[in-house]
Amino acid sequence: MKYDAEYYNQIREKANNQILGIIKDYRENPEHIIEYLQFCSKMYRYSLNNTILIYSQNPNASYVQSFDQWRKLGYSVRRGEHGLDVFVPVYITYVKDNGQWRRLQDIKGTPLFKDYKEGRLEEKKQLSFKIGKTYDISQTTCPLERYPDFMMLGYKSDMHKEMIEGLVVFNRKYLKTDVNFQNLNSVTLKGYNVVGQHQIFINNFFGDNEQLSTLIHETGHQILHQEAQGEKSLAQIEFEADAFSIICNNCLGLAIEESRKKHLVQHGKQMILENTDSDKEEYLKGVLNNVLEMSKKHMETMRQEINFIHEKHREKGKEKEDPNINR
């Protein structure tokens, strides 16, 4: 099929308008961003643009892949299902013809293409994006019992202590940060982060649930803000840590406290109010992109450390049940 630049430009423009529309809505209504951040926890492997684009088409999508990726896994897309538009990076080859750059695809079958094959034409490759299709797991023949192979369904509540232990290890190994549990002489202060000193303090007055939620939030500060001292307002710093913790909590299957949601909305409004950029949509998009990229970078490692601690406790449990095991 011959490349139709006008057709693809129309699709790209439509997709970009969807993205800008959602970003504008978040700017005007920060409370709407919570649902999107929870959605990000399922799509954190995707770019910000593609995550927003998928969300605009199906906010209930859970795990998406291309038609070919599903087929390689042994599953097919059910007949009649409509794919979700996503941006797909491609490199387009151009060749120089009498001072003009032309797409290689457009000169195939002409004498110029022979000149190109024989190395007589200057060429360059340029990154571009085409519109591709992706399909949610619910649109495929993948059976329900296989969903856990692709999707993180969360940890049970009785694992919260192990999750805390795993995050302590993650902080120490990857962020060079010590996590200290101690009495902070307060029934309201759940924890805090010492910027630039790689120290987190968690109030041991609270139970596992509150400690875990606080540790995730403070871990977000360590990831996002140790190298950005003085570059961001307090409102942006708190908004980013809240956004990170909401993505992380949802990814790990943890309930998101109402106080965390209110905290994010409060600082989101203040952050946008304080920002002086002329293009506030682009500014908010940059903030969200930073949080999403950091989530993508660290989420798998965090889960690996949690799973390692869980397996270690499981093996200890087996040894208690059978003292003769491994002897």
# chains A, B, ... in the order shown; residues from 1 in each chain; ligands from 1

$ residues_around --residues "A:Leu284" --least-positions-apart "2" --cutoff "8 Å" --atoms "only C-alpha atoms" --output "PyMOL selection string"
chain A and resi 23+27+272+280-282+286-288

$ atom_distance --atom1 "atom CA of A:Gly132" --atom2 "atom CA of A:Glu13"
14.2 Å

$ residues_around --residues "A:Leu234" --least-positions-apart "5" --cutoff "9 Å" --atoms "only C-alpha atoms" --output "list in words"
Phe239, His267 and Met271 of chain A

$ residues_around --residues "stretch 213-217 of chain A" --least-positions-apart "6" --cutoff "10 Å" --atoms "only C-alpha atoms" --output "NGL selection string"
:A and (160 or 164 or 167-168 or 171 or 179 or 189-193 or 200-203 or 238 or 240-246 or 248-249 or 254-257 or 260)

$ write_last_selection --atoms "N, CA and C atoms" --output "mmCIF file, in the first residue's frame"
data_model
loop_
_atom_site.group_PDB
_atom_site.id
_atom_site.type_symbol
_atom_site.label_atom_id
_atom_site.label_comp_id
_atom_site.auth_asym_id
_atom_site.auth_seq_id
_atom_site.Cartn_x
_atom_site.Cartn_y
_atom_site.Cartn_z
ATOM 1 N N HIS A 160 2.170 -7.305 53.959
ATOM 2 C CA HIS A 160 2.626 -5.922 54.064
ATOM 3 C C HIS A 160 3.958 -5.797 54.800
ATOM 4 N N ILE A 164 7.343 -4.173 53.211
ATOM 5 C CA ILE A 164 8.162 -3.139 53.857
ATOM 6 C C ILE A 164 9.627 -3.566 53.859
ATOM 7 N N LEU A 167 11.134 -3.207 50.427
ATOM 8 C CA LEU A 167 11.394 -1.820 50.050
ATOM 9 C C LEU A 167 12.574 -1.238 50.814
ATOM 10 N N VAL A 168 12.784 -1.705 52.042
ATOM 11 C CA VAL A 168 13.965 -1.282 52.800
ATOM 12 C C VAL A 168 15.230 -1.749 52.069
ATOM 13 N N ASN A 171 15.743 0.346 48.880
ATOM 14 C CA ASN A 171 16.314 1.659 49.182
ATOM 15 C C ASN A 171 17.806 1.564 49.456
ATOM 16 N N VAL A 179 16.617 3.353 55.792
ATOM 17 C CA VAL A 179 15.252 3.537 56.291
ATOM 18 C C VAL A 179 15.262 3.265 57.791
ATOM 19 N N LEU A 189 2.469 12.811 62.222
ATOM 20 C CA LEU A 189 3.614 12.678 61.312
ATOM 21 C C LEU A 189 3.930 11.199 61.103
ATOM 22 N N LYS A 190 3.685 10.720 59.884
ATOM 23 C CA LYS A 190 3.897 9.298 59.595
ATOM 24 C C LYS A 190 5.328 9.004 59.138
ATOM 25 N N GLY A 191 6.008 10.010 58.644
ATOM 26 C CA GLY A 191 7.382 9.807 58.201
ATOM 27 C C GLY A 191 7.894 11.031 57.471
ATOM 28 N N TYR A 192 9.179 11.046 57.200
ATOM 29 C CA TYR A 192 9.741 12.159 56.440
ATOM 30 C C TYR A 192 11.052 11.721 55.799
ATOM 31 N N ASN A 193 11.526 12.592 54.888
ATOM 32 C CA ASN A 193 12.704 12.316 54.084
ATOM 33 C C ASN A 193 13.706 13.437 54.287
ATOM 34 N N ILE A 200 15.541 8.097 55.333
ATOM 35 C CA ILE A 200 14.089 8.088 55.470
ATOM 36 C C ILE A 200 13.762 7.686 56.902
ATOM 37 N N PHE A 201 12.824 8.392 57.499
ATOM 38 C CA PHE A 201 12.381 8.066 58.846
ATOM 39 C C PHE A 201 10.894 7.729 58.809
ATOM 40 N N ILE A 202 10.537 6.573 59.359
ATOM 41 C CA ILE A 202 9.160 6.108 59.404
ATOM 42 C C ILE A 202 8.718 5.995 60.862
ATOM 43 N N ASN A 203 7.547 6.527 61.153
ATOM 44 C CA ASN A 203 7.014 6.505 62.518
ATOM 45 C C ASN A 203 6.516 5.105 62.853
ATOM 46 N N GLU A 238 5.899 17.624 46.183
ATOM 47 C CA GLU A 238 4.910 16.785 46.859
ATOM 48 C C GLU A 238 3.957 16.141 45.856
ATOM 49 N N GLU A 240 4.647 15.252 42.764
ATOM 50 C CA GLU A 240 5.359 14.165 42.084
ATOM 51 C C GLU A 240 5.470 12.936 42.980
ATOM 52 N N ALA A 241 5.780 13.140 44.262
ATOM 53 C CA ALA A 241 5.885 12.001 45.177
ATOM 54 C C ALA A 241 4.536 11.329 45.366
ATOM 55 N N ASP A 242 3.471 12.133 45.424
ATOM 56 C CA ASP A 242 2.124 11.559 45.540
ATOM 57 C C ASP A 242 1.760 10.772 44.285
ATOM 58 N N ALA A 243 2.069 11.342 43.117
ATOM 59 C CA ALA A 243 1.763 10.665 41.851
ATOM 60 C C ALA A 243 2.510 9.346 41.758
ATOM 61 N N PHE A 244 3.793 9.367 42.126
ATOM 62 C CA PHE A 244 4.589 8.141 42.116
ATOM 63 C C PHE A 244 3.990 7.110 43.066
ATOM 64 N N SER A 245 3.599 7.532 44.267
ATOM 65 C CA SER A 245 3.088 6.580 45.248
ATOM 66 C C SER A 245 1.744 6.001 44.821
ATOM 67 N N ILE A 246 0.911 6.786 44.132
ATOM 68 C CA ILE A 246 -0.371 6.266 43.648
ATOM 69 C C ILE A 246 -0.142 5.215 42.567
ATOM 70 N N CYS A 248 2.574 3.388 42.205
ATOM 71 C CA CYS A 248 3.215 2.259 42.873
ATOM 72 C C CYS A 248 2.211 1.466 43.702
ATOM 73 N N ASN A 249 1.386 2.166 44.499
ATOM 74 C CA ASN A 249 0.388 1.482 45.319
ATOM 75 C C ASN A 249 -0.559 0.661 44.461
ATOM 76 N N LEU A 254 -2.262 -2.235 46.387
ATOM 77 C CA LEU A 254 -2.547 -1.634 47.689
ATOM 78 C C LEU A 254 -3.629 -0.571 47.560
ATOM 79 N N ALA A 255 -4.459 -0.463 48.575
ATOM 80 C CA ALA A 255 -5.485 0.567 48.590
ATOM 81 C C ALA A 255 -4.813 1.935 48.718
ATOM 82 N N ILE A 256 -5.379 2.922 48.057
ATOM 83 C CA ILE A 256 -4.834 4.281 48.107
ATOM 84 C C ILE A 256 -5.631 5.079 49.128
ATOM 85 N N GLU A 257 -4.944 5.591 50.125
ATOM 86 C CA GLU A 257 -5.613 6.327 51.192
ATOM 87 C C GLU A 257 -6.252 7.600 50.652
ATOM 88 N N ARG A 260 -4.055 10.554 50.867
ATOM 89 C CA ARG A 260 -3.054 10.664 49.803
ATOM 90 C C ARG A 260 -3.667 11.340 48.576
#

$ atom_distance --atom1 "atom CA of A:Gln199" --atom2 "atom CA of A:Val291"
20.9 Å

$ closest_residue --among "A:Phe87, A:Phe206, A:Tyr26, A:Trp70" --to "A:Lys269" --atoms "only C-alpha atoms"
A:Tyr26

$ select_by_dssp --residues "stretch 154-205 of chain A" --states "alpha helix (DSSP H)" --output "ChimeraX atom specification"
/A:160-174

$ write_last_selection --atoms "C-alpha atoms" --output "mmCIF file, in the first residue's frame"
data_model
loop_
_atom_site.group_PDB
_atom_site.id
_atom_site.type_symbol
_atom_site.label_atom_id
_atom_site.label_comp_id
_atom_site.auth_asym_id
_atom_site.auth_seq_id
_atom_site.Cartn_x
_atom_site.Cartn_y
_atom_site.Cartn_z
ATOM 1 C CA HIS A 160 2.626 -5.922 54.064
ATOM 2 C CA LYS A 161 5.414 -6.552 56.572
ATOM 3 C CA GLU A 162 7.372 -8.461 53.909
ATOM 4 C CA MET A 163 6.732 -5.665 51.403
ATOM 5 C CA ILE A 164 8.162 -3.139 53.857
ATOM 6 C CA GLU A 165 11.228 -5.328 54.271
ATOM 7 C CA GLY A 166 11.629 -5.594 50.494
ATOM 8 C CA LEU A 167 11.394 -1.820 50.050
ATOM 9 C CA VAL A 168 13.965 -1.282 52.800
ATOM 10 C CA VAL A 169 16.352 -3.545 50.855
ATOM 11 C CA PHE A 170 15.515 -1.712 47.602
ATOM 12 C CA ASN A 171 16.314 1.659 49.182
ATOM 13 C CA ARG A 172 19.601 0.420 50.588
ATOM 14 C CA LYS A 173 20.798 -1.409 47.448
ATOM 15 C CA TYR A 174 19.643 0.917 44.684
#

$ closest_residue --among "A:Asn307, A:Asn204, A:Gln65, A:Thr134" --to "A:Leu84" --atoms "only C-alpha atoms"
A:Thr134

$ atom_distance --atom1 "atom CA of A:Gln126" --atom2 "atom CA of A:Tyr91"
5.4 Å

$ select_by_dssp --residues "stretch 125-229 of chain A" --states "strand (DSSP E)" --output "count of residues only"
26

$ closest_residue --among "A:Gln100, A:Glu31, A:Arg120, A:Met294" --to "A:Lys262" --atoms "only C-alpha atoms"
A:Glu31
